[in-house]
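Next comes entry02.csv, with CSV, C-alpha atoms.
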```csv
chain,number,residue,atom,x,y,z
A,1,MET,CA,-16.3,9.6,26.9
A,2,ASN,CA,-19.1,8.0,24.8
A,3,LEU,CA,-17.2,5.1,23.2
A,4,LYS,CA,-20.5,3.7,21.8
A,5,ALA,CA,-20.8,6.7,19.5
A,6,LEU,CA,-17.2,6.4,18.3
A,7,ILE,CA,-16.8,2.7,17.7
A,8,ASP,CA,-18.7,0.7,15.0
A,9,LYS,CA,-18.9,-3.0,15.7
A,10,LYS,CA,-17.5,-3.6,12.1
A,11,ASN,CA,-14.4,-1.7,13.1
A,12,ILE,CA,-13.4,-4.1,15.8
A,13,ILE,CA,-11.0,-6.7,14.3
A,14,LEU,CA,-9.7,-9.6,16.4
A,15,ASN,CA,-6.6,-11.7,15.6
A,16,LEU,CA,-5.4,-9.7,12.7
A,17,ASN,CA,-2.3,-11.2,11.1
A,18,ILE,CA,0.0,-8.2,10.9
A,19,GLU,CA,3.8,-8.3,11.0
A,20,SER,CA,4.8,-4.7,11.3
A,21,LYS,CA,3.8,-1.2,12.2
A,22,LYS,CA,3.9,-0.2,8.6
A,23,ARG,CA,1.4,-2.9,7.6
A,24,LEU,CA,-0.8,-2.1,10.6
A,25,ASN,CA,-1.0,1.6,9.7
A,26,GLU,CA,-1.8,0.7,6.1
A,27,PHE,CA,-4.6,-1.6,7.3
A,28,LEU,CA,-6.0,1.2,9.5
A,29,ALA,CA,-5.9,3.8,6.7
A,30,ASN,CA,-7.5,1.3,4.3
A,31,ARG,CA,-10.2,0.3,6.7
A,32,LEU,CA,-11.1,4.0,7.5
A,33,ALA,CA,-11.2,4.9,3.8
A,34,ASN,CA,-13.3,1.9,2.9
A,35,SER,CA,-15.8,2.7,5.6
A,36,TYR,CA,-16.0,6.4,4.7
A,37,PRO,CA,-15.9,7.0,0.9
A,38,ASP,CA,-15.0,10.7,1.2
A,39,VAL,CA,-11.8,9.8,3.1
A,40,ASP,CA,-8.6,9.5,1.1
A,41,GLU,CA,-6.6,6.4,2.2
A,42,ASP,CA,-3.2,7.9,1.2
A,43,LEU,CA,-3.8,11.1,3.0
A,44,VAL,CA,-4.8,9.2,6.2
A,45,LEU,CA,-1.6,7.2,6.0
A,46,LYS,CA,0.5,10.3,5.4
A,47,ASN,CA,-1.2,12.0,8.5
A,48,ILE,CA,-0.6,8.9,10.7
A,49,TYR,CA,3.1,9.0,9.8
A,50,LYS,CA,3.2,12.8,10.2
A,51,ARG,CA,1.9,12.3,13.8
A,52,GLU,CA,4.3,9.5,14.5
A,53,ARG,CA,7.2,11.8,13.6
A,54,ILE,CA,6.2,14.1,16.5
A,55,GLY,CA,6.4,11.2,18.9
A,56,ASN,CA,5.6,7.5,19.2
A,57,THR,CA,2.0,6.8,20.1
A,58,TYR,CA,2.8,3.6,22.1
A,59,ILE,CA,1.1,3.9,25.5
A,60,GLY,CA,2.5,0.9,27.3
A,61,LYS,CA,1.0,-2.5,28.0
A,62,ASN,CA,1.6,-3.6,24.4
A,63,ILE,CA,-0.9,-1.0,23.1
A,64,TYR,CA,-0.3,1.4,20.2
A,65,ILE,CA,-2.7,4.3,19.5
A,66,PRO,CA,-2.0,5.7,16.1
A,67,HIS,CA,-4.1,8.8,15.6
A,68,CYS,CA,-4.5,11.8,13.3
A,69,ARG,CA,-6.8,14.4,11.9
A,70,VAL,CA,-8.6,13.3,8.7
A,71,LYS,CA,-10.0,15.5,5.9
A,72,ASN,CA,-13.6,14.8,5.0
A,73,LEU,CA,-14.3,12.8,8.2
A,74,ASN,CA,-17.5,14.2,9.9
A,75,THR,CA,-17.0,12.7,13.3
A,76,THR,CA,-14.3,11.0,15.4
A,77,LYS,CA,-13.9,7.3,14.6
A,78,ILE,CA,-12.1,4.5,16.4
A,79,ILE,CA,-10.8,1.2,14.9
A,80,VAL,CA,-9.8,-1.5,17.4
A,81,VAL,CA,-7.4,-4.2,16.3
A,82,THR,CA,-5.9,-7.1,18.3
A,83,MET,CA,-3.0,-9.0,16.8
A,84,LYS,CA,-3.0,-12.8,16.1
A,85,ASN,CA,0.7,-12.8,16.6
A,86,ASN,CA,2.4,-9.8,18.3
A,87,TYR,CA,4.9,-7.9,16.3
A,88,TYR,CA,8.0,-6.4,17.7
A,89,ASP,CA,8.5,-2.7,17.4
A,90,ASP,CA,12.2,-1.7,17.5
A,91,SER,CA,11.3,1.9,18.2
A,92,ILE,CA,9.8,1.0,21.6
A,93,LYS,CA,11.7,-2.2,22.3
A,94,ASN,CA,8.5,-4.0,22.9
A,95,SER,CA,5.8,-6.1,21.2
A,96,ILE,CA,2.4,-4.7,20.0
A,97,LYS,CA,-0.7,-6.8,20.8
A,98,MET,CA,-3.4,-4.2,20.3
A,99,ALA,CA,-3.8,-1.1,18.3
A,100,VAL,CA,-6.6,1.5,18.6
A,101,GLY,CA,-6.7,3.8,15.7
A,102,VAL,CA,-8.3,7.1,16.5
A,103,PHE,CA,-9.3,9.4,13.6
A,104,PHE,CA,-10.5,12.9,14.2
A,105,PRO,CA,-12.3,15.4,11.8
A,106,ASP,CA,-9.8,17.8,10.3
A,107,ASN,CA,-11.5,20.8,12.0
A,108,ILE,CA,-11.8,19.4,15.5
A,109,SER,CA,-10.7,21.6,18.4
A,110,ASP,CA,-8.0,20.6,20.9
A,111,ILE,CA,-10.6,18.6,22.8
A,112,HIS,CA,-9.2,15.5,21.0
A,113,MET,CA,-6.2,15.5,23.4
A,114,GLU,CA,-8.6,14.9,26.3
A,115,LEU,CA,-10.3,12.1,24.4
A,116,LEU,CA,-6.9,10.4,23.8
A,117,LYS,CA,-5.9,10.8,27.4
A,118,GLN,CA,-9.1,9.2,28.7
A,119,LEU,CA,-8.9,6.4,26.1
A,120,ALA,CA,-5.3,5.6,27.0
A,121,SER,CA,-6.2,5.6,30.7
A,122,PHE,CA,-9.1,3.3,30.1
A,123,LEU,CA,-7.1,0.9,27.9
A,124,LYS,CA,-4.3,0.6,30.4
A,125,LYS,CA,-6.5,-0.3,33.4
A,126,ASP,CA,-6.0,-3.9,34.7
A,127,GLN,CA,-9.8,-4.5,34.6
A,128,THR,CA,-9.9,-3.5,30.9
A,129,GLN,CA,-6.8,-5.6,30.1
A,130,GLN,CA,-8.5,-8.6,31.8
A,131,HIS,CA,-11.7,-8.1,29.7
A,132,PHE,CA,-9.7,-8.1,26.5
A,133,LYS,CA,-8.2,-11.5,27.4
A,134,GLU,CA,-11.6,-13.0,27.9
A,135,VAL,CA,-13.4,-12.0,24.7
A,136,GLN,CA,-14.4,-14.6,22.1
A,137,ASN,CA,-15.4,-12.3,19.2
A,138,ALA,CA,-15.7,-8.7,18.1
A,139,ASN,CA,-19.2,-8.4,19.4
A,140,ASP,CA,-18.1,-9.4,22.9
A,141,LEU,CA,-15.2,-6.9,22.8
A,142,TYR,CA,-17.6,-4.1,21.6
A,143,ASN,CA,-20.0,-4.9,24.5
A,144,LEU,CA,-17.2,-5.1,27.0
A,145,ILE,CA,-15.7,-1.8,26.0
A,146,VAL,CA,-19.1,0.0,26.0
A,147,GLU,CA,-20.3,-1.5,29.3
A,148,THR,CA,-17.0,-1.3,31.1
A,149,LYS,CA,-16.7,2.4,30.3
A,150,LYS,CA,-20.2,3.0,31.5
A,151,GLU,CA,-19.3,1.5,34.9
A,152,ASP,CA,-16.2,3.6,35.2
A,153,GLU,CA,-17.8,7.0,34.3
A,154,PRO,CA,-18.6,9.3,37.2
A,155,VAL,CA,-22.2,9.5,38.2
```
Just give me the structure as structure tokens.
Amino acid sequence: MNLKALIDKKNIILNLNIESKKRLNEFLANRLANSYPDVDEDLVLKNIYKRERIGNTYIGKNIYIPHCRVKNLNTTKIIVVTMKNNYYDDSIKNSIKMAVGVFFPDNISDIHMELLKQLASFLKKDQTQQHFKEVQNANDLYNLIVETKKEDEPV
């Protein structure tokens, strides 16, 4: 998984002050639409909620991975957000500390399921969790994600 190609440094946001899943999803949809002018914010939000109705995208360890297909997006994009203050999610009976929004082009094949599986596995590793606790800024987090994944990839 080449995270470097999927994550822009500008889409790593630390200590975001969000108080609910609704506000978080609105933030992610807005961020994606502002970064990619051909993307419709309302449609992204609608697709996030459509995906959530299928099943909650909480993966454990206080990490939420909202994801969906997005019309007019040319390539998969990831937005990483850490919370300033956790918010409690009643649907999972746990707090959310980090969200990783994953947005796929509308015409992507089913390979996106493999990407989500690898990403969830990577995020839940103890080593990755420790790195997230040590970062000082978005640039540090970006470098840790990219470098840590390189070390983990098979040779």
- [ ] Return the single residue from A:His67, A:Val80, A:Glu26, A:Tyr49 that is closest to Tyr142 (chain A), with distances computed using all atoms listed in the file.
- [x]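 Checking each candidate against Tyr142 (chain A), we get A:Val80 as the closest.
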Open item on the list: Applying 8 Å and all atoms listed in the file, which residues near region 92-105 of chain A remain after dropping the ones on its own chain fewer than 4 positions away? List them as a PyMOL selection string.
Closed with: chain A and resi 28+58+62-88+112
Task: CA of Thr128 (chain A) to CA of Asn143 (chain A), distance in Å rounded to a single decimal - done: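 Between these atoms lies a distance of 12.0 Å.
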Task: From A:Leu24, A:Asn15, A:Asp140, A:Asp126, residue lying nearest Ile48 (chain A) [all atoms listed in the file] - done: A:Leu24
TODO: Return the single residue from A:Asn137, A:Asn56, A:Asn17, A:Asn25 that is closest to Leu43 (chain A), with distances computed using all atoms listed in the file.
DONE: A:Asn25
TODO: Calculate how many Å separate CA of Ala33 (chain A) from CA of Ile54 (chain A), rounding to one decimal.
DONE: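 Separating CA of Ala33 (chain A) from CA of Ile54 (chain A) is a distance of 23.4 Å.
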TODO: Figure out the distance between CA of Lys61 (chain A) and CA of Gln129 (chain A), please, to one decimal in Å.
DONE: 8.7 Å
